[in-house]
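See below for the structure under consideration.
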Amino acid sequence: MSTAIANAVNQQVRLAQRPVGTPGRECWNFTTEPVAGPAEGGVLIQTLALSLDPAMRGWMNEGKSYIPPVGIGEVMRAGGIGRVAASRNPKFAVGDVVSAGLGVQSWCLVPEAELRRSGVAKIDLSLGSMTQWLNVLGMPGMTGYFGLMDVGQPKPGETVVVSGAAGAVGQTVGQLARIKGCRVVGIAGGRAKCDWVVNELGFDACIDYKAGNVKAALKEQCPKGVDVYFDNVGGEILDDVLARTTRGARIIICGAISQYNNTTPVQGPKNYLSLLVNRARMEGIVVFDYADRYHLAIAEMAGYLKDGRMKSKEDVVEGLENFPEALLKLFSGANFGKLVLKVAD
Ligand SMILES: NC(=O)c1ccc[n+]([C@@H]2O[C@H](COP(=O)([O-])OP(=O)(O)OC[C@H]3O[C@@H](n4cnc5c(N)ncnc54)[C@H](OP(=O)(O)O)[C@@H]3O)[C@@H](O)[C@H]2O)c1
């Protein structure tokens, strides 16, 4: 291990307490520890950038989910991109750029036994930039791809609606649905985001849910009804879309960000009988179930990035110390594009 690494300090953000409502600074502890070299078979990774995700809010809660909660006192879970700084594993060389479950910390020591669980994998920066590997080519892109293609099964000419349209998952879903020949209507907060998805990403229309009546706007923008709804937000918007679904519609339950900071029970859909009337279905997805097919989606999406049919936007905040406030941008809608925390060059 070089002297520079031996003298480096690992800056870490640990979960201090479980939040009630919106998670403030009191939920986090900032700690430091010396950086250690890897044991036989392991690697030491320097964090370059972290993915900030709405799911982090769920991981802070006690209780059963698709993944265990982060324990009090543990380094906060996060996916990210890093550079191998020291390696005692023949599959990784110093300087390799990898994606991995790095945690909110500036260095991550991964023992051999944890390499698979941490998902350490080399990434090819000729396919997309580092931030695109956290976006279209990363976890949100995979979510959008498999949620839309496997569960939504869009057919050319159908109408696809996606909420959280200017966010990480939403931007992929809408563009992919356009590529597949669908009419695409986004739902997003504010004129700037709506203008961007229409003018830059080529959506057919976008409804600004903060500006007024979503139900009336859906009627106007989806005259033939909604065949596929990719739901990122839940709550009232889900109800408004349910009221417009067509016969045989597919509703992908990807997330419900409008509910994540609730201190009252999650608001369930009131208009669910629309599923009965329309012989429609609503199905949840968890992206990790598709891990063995990520490489196929990455190859397809990298092609779209290259030929210009797909664009991406990332919102980059700098500095681990800004993690608590940066995370909150997801819930206020202050992020414009995939939210990334840059940690080092
Ligand atoms: N199932 C899975 O495997 C999986 C994987 C990844 C992500 N997800 C889910 O996918 C969704 C989108 O995630 P992302 O990473 O792409 O985040 P994102 O869309 O980049 O950021 C979150 C966005 O949610 C919107 N939002 C926040 N509060 C809202 C509210 N009350 N009502 C409506 N919109 C609200 C904001 O946009 P506006 O400015 O437009 O309001 C905000 O920018 C989340 O629900 C997340 O949990 C699920």
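Identifiers for the structure tokens are assigned positionally: chains receive A, B, ... in sequence, residues are indexed from 1 per chain, and ligands are indexed from 1 in the order shown.
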Q: Tell me, as a list of chain:residue names, which residues lie within 7 Å of Asp96 of chain A, counting only C-alpha atoms; anything in the same chain fewer than 3 positions away does not count.
A: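 Non-adjacent residues within range: A:Arg83, A:Val84, A:Phe92, A:Ala93, A:Lys122.
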Taking C-alpha atoms for each residue, export the selection above as a short mmCIF file (atom, residue, chain, number, x, y, z; two decimals), in the first residue's frame.
```
data_model
loop_
_atom_site.label_atom_id
_atom_site.label_comp_id
_atom_site.auth_asym_id
_atom_site.auth_seq_id
_atom_site.Cartn_x
_atom_site.Cartn_y
_atom_site.Cartn_z
CA ARG A 83 -11.30 3.46 -8.20
CA VAL A 84 -9.35 0.44 -7.03
CA PHE A 92 -8.89 -6.24 -10.13
CA ALA A 93 -5.94 -3.99 -10.84
CA LYS A 122 -15.55 -3.08 -13.48
#
```
Q: With only C-alpha atoms and all ligand atoms counted, collect every polymer residue having an atom within 8 Å of ligand 1; state the result as a ChimeraX atom specification.
A: /A:52-55,139-140,143-144,163-171,187-190,193,208-210,231-235,237,253-259,284-288,329-339
Q: Write out as a list in words each polymer residue whose atoms come within 7 Å of Phe30 of chain A, counting only C-alpha atoms; drop sequence neighbours fewer than 6 positions from it.
A: Gln12, Val13 and Arg14 of chain A
Any chance you can output those residues with C-alpha atoms as a short mmCIF file (atom, residue, chain, number, x, y, z; two decimals), in the first residue's frame?
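Saved result, selection_20.cif, follows:
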```cif
data_model
loop_
_atom_site.label_atom_id
_atom_site.label_comp_id
_atom_site.auth_asym_id
_atom_site.auth_seq_id
_atom_site.Cartn_x
_atom_site.Cartn_y
_atom_site.Cartn_z
CA GLN A 12 -17.86 7.97 7.01
CA VAL A 13 -21.51 8.85 7.45
CA ARG A 14 -23.29 6.54 9.88
#
```
Q: Tell me, in Å to one decimal, how far atom CA of Ala344 of chain A is from atom CA of Gly82 of chain A.
A: 8.9 Å
Q: Run DSSP on the backbone and grab whatever in segment 27-135 of chain A lands in strand (DSSP E or B); send it over as JSON, numbers by chain.
A: {"A": [28, 29, 30, 31, 32, 33, 34, 43, 44, 45, 46, 47, 48, 49, 50, 51, 75, 79, 80, 81, 82, 83, 84, 85, 86, 87, 97, 98, 99, 100, 101, 105, 107, 108, 109, 110, 121, 122]}
File of the preceding selection, C-alpha atoms, as an mmCIF file, in the first residue's frame:
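Final file, again_10.cif:
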```cif
data_model
loop_
_atom_site.group_PDB
_atom_site.id
_atom_site.type_symbol
_atom_site.label_atom_id
_atom_site.label_comp_id
_atom_site.auth_asym_id
_atom_site.auth_seq_id
_atom_site.Cartn_x
_atom_site.Cartn_y
_atom_site.Cartn_z
ATOM 1 C CA TRP A 28 -26.400 11.105 10.958
ATOM 2 C CA ASN A 29 -23.024 10.736 12.668
ATOM 3 C CA PHE A 30 -19.835 11.750 10.904
ATOM 4 C CA THR A 31 -16.906 9.532 11.886
ATOM 5 C CA THR A 32 -13.366 8.860 10.683
ATOM 6 C CA GLU A 33 -11.085 5.843 10.787
ATOM 7 C CA PRO A 34 -7.687 4.994 9.315
ATOM 8 C CA VAL A 43 -9.587 -4.792 -2.681
ATOM 9 C CA LEU A 44 -9.476 -1.259 -1.348
ATOM 10 C CA ILE A 45 -11.649 1.168 -3.310
ATOM 11 C CA GLN A 46 -11.568 4.961 -3.193
ATOM 12 C CA THR A 47 -15.057 6.372 -3.553
ATOM 13 C CA LEU A 48 -15.422 8.766 -6.475
ATOM 14 C CA ALA A 49 -19.197 9.303 -6.599
ATOM 15 C CA LEU A 50 -22.237 7.949 -4.782
ATOM 16 C CA SER A 51 -25.780 7.389 -5.945
ATOM 17 C CA VAL A 75 -22.166 3.212 7.649
ATOM 18 C CA GLY A 79 -24.128 2.329 -4.361
ATOM 19 C CA GLY A 80 -21.383 4.199 -6.120
ATOM 20 C CA ILE A 81 -18.431 4.348 -8.441
ATOM 21 C CA GLY A 82 -14.884 4.063 -7.162
ATOM 22 C CA ARG A 83 -11.300 3.462 -8.200
ATOM 23 C CA VAL A 84 -9.345 0.436 -7.032
ATOM 24 C CA ALA A 85 -6.525 1.847 -4.881
ATOM 25 C CA ALA A 86 -4.984 -1.428 -3.718
ATOM 26 C CA SER A 87 -5.715 -4.959 -4.831
ATOM 27 C CA VAL A 97 -12.970 1.931 -12.110
ATOM 28 C CA VAL A 98 -15.707 -0.142 -10.510
ATOM 29 C CA SER A 99 -19.316 0.129 -9.434
ATOM 30 C CA ALA A 100 -20.079 -1.328 -6.015
ATOM 31 C CA GLY A 101 -22.061 -1.013 -2.834
ATOM 32 C CA GLN A 105 -17.712 6.779 2.999
ATOM 33 C CA TRP A 107 -12.890 4.538 1.143
ATOM 34 C CA CYS A 108 -14.299 1.039 1.071
ATOM 35 C CA LEU A 109 -12.365 -2.073 1.997
ATOM 36 C CA VAL A 110 -13.947 -5.142 0.425
ATOM 37 C CA ALA A 121 -17.812 -4.872 -11.059
ATOM 38 C CA LYS A 122 -15.548 -3.079 -13.483
#
```
Q) For Leu148 of chain A, which residue among A:Gly71, A:Pro90, A:Gly128, A:Gly174 is the nearest when counting only C-alpha atoms? A)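 Smallest separation from Leu148 of chain A among the options: A:Gly174.
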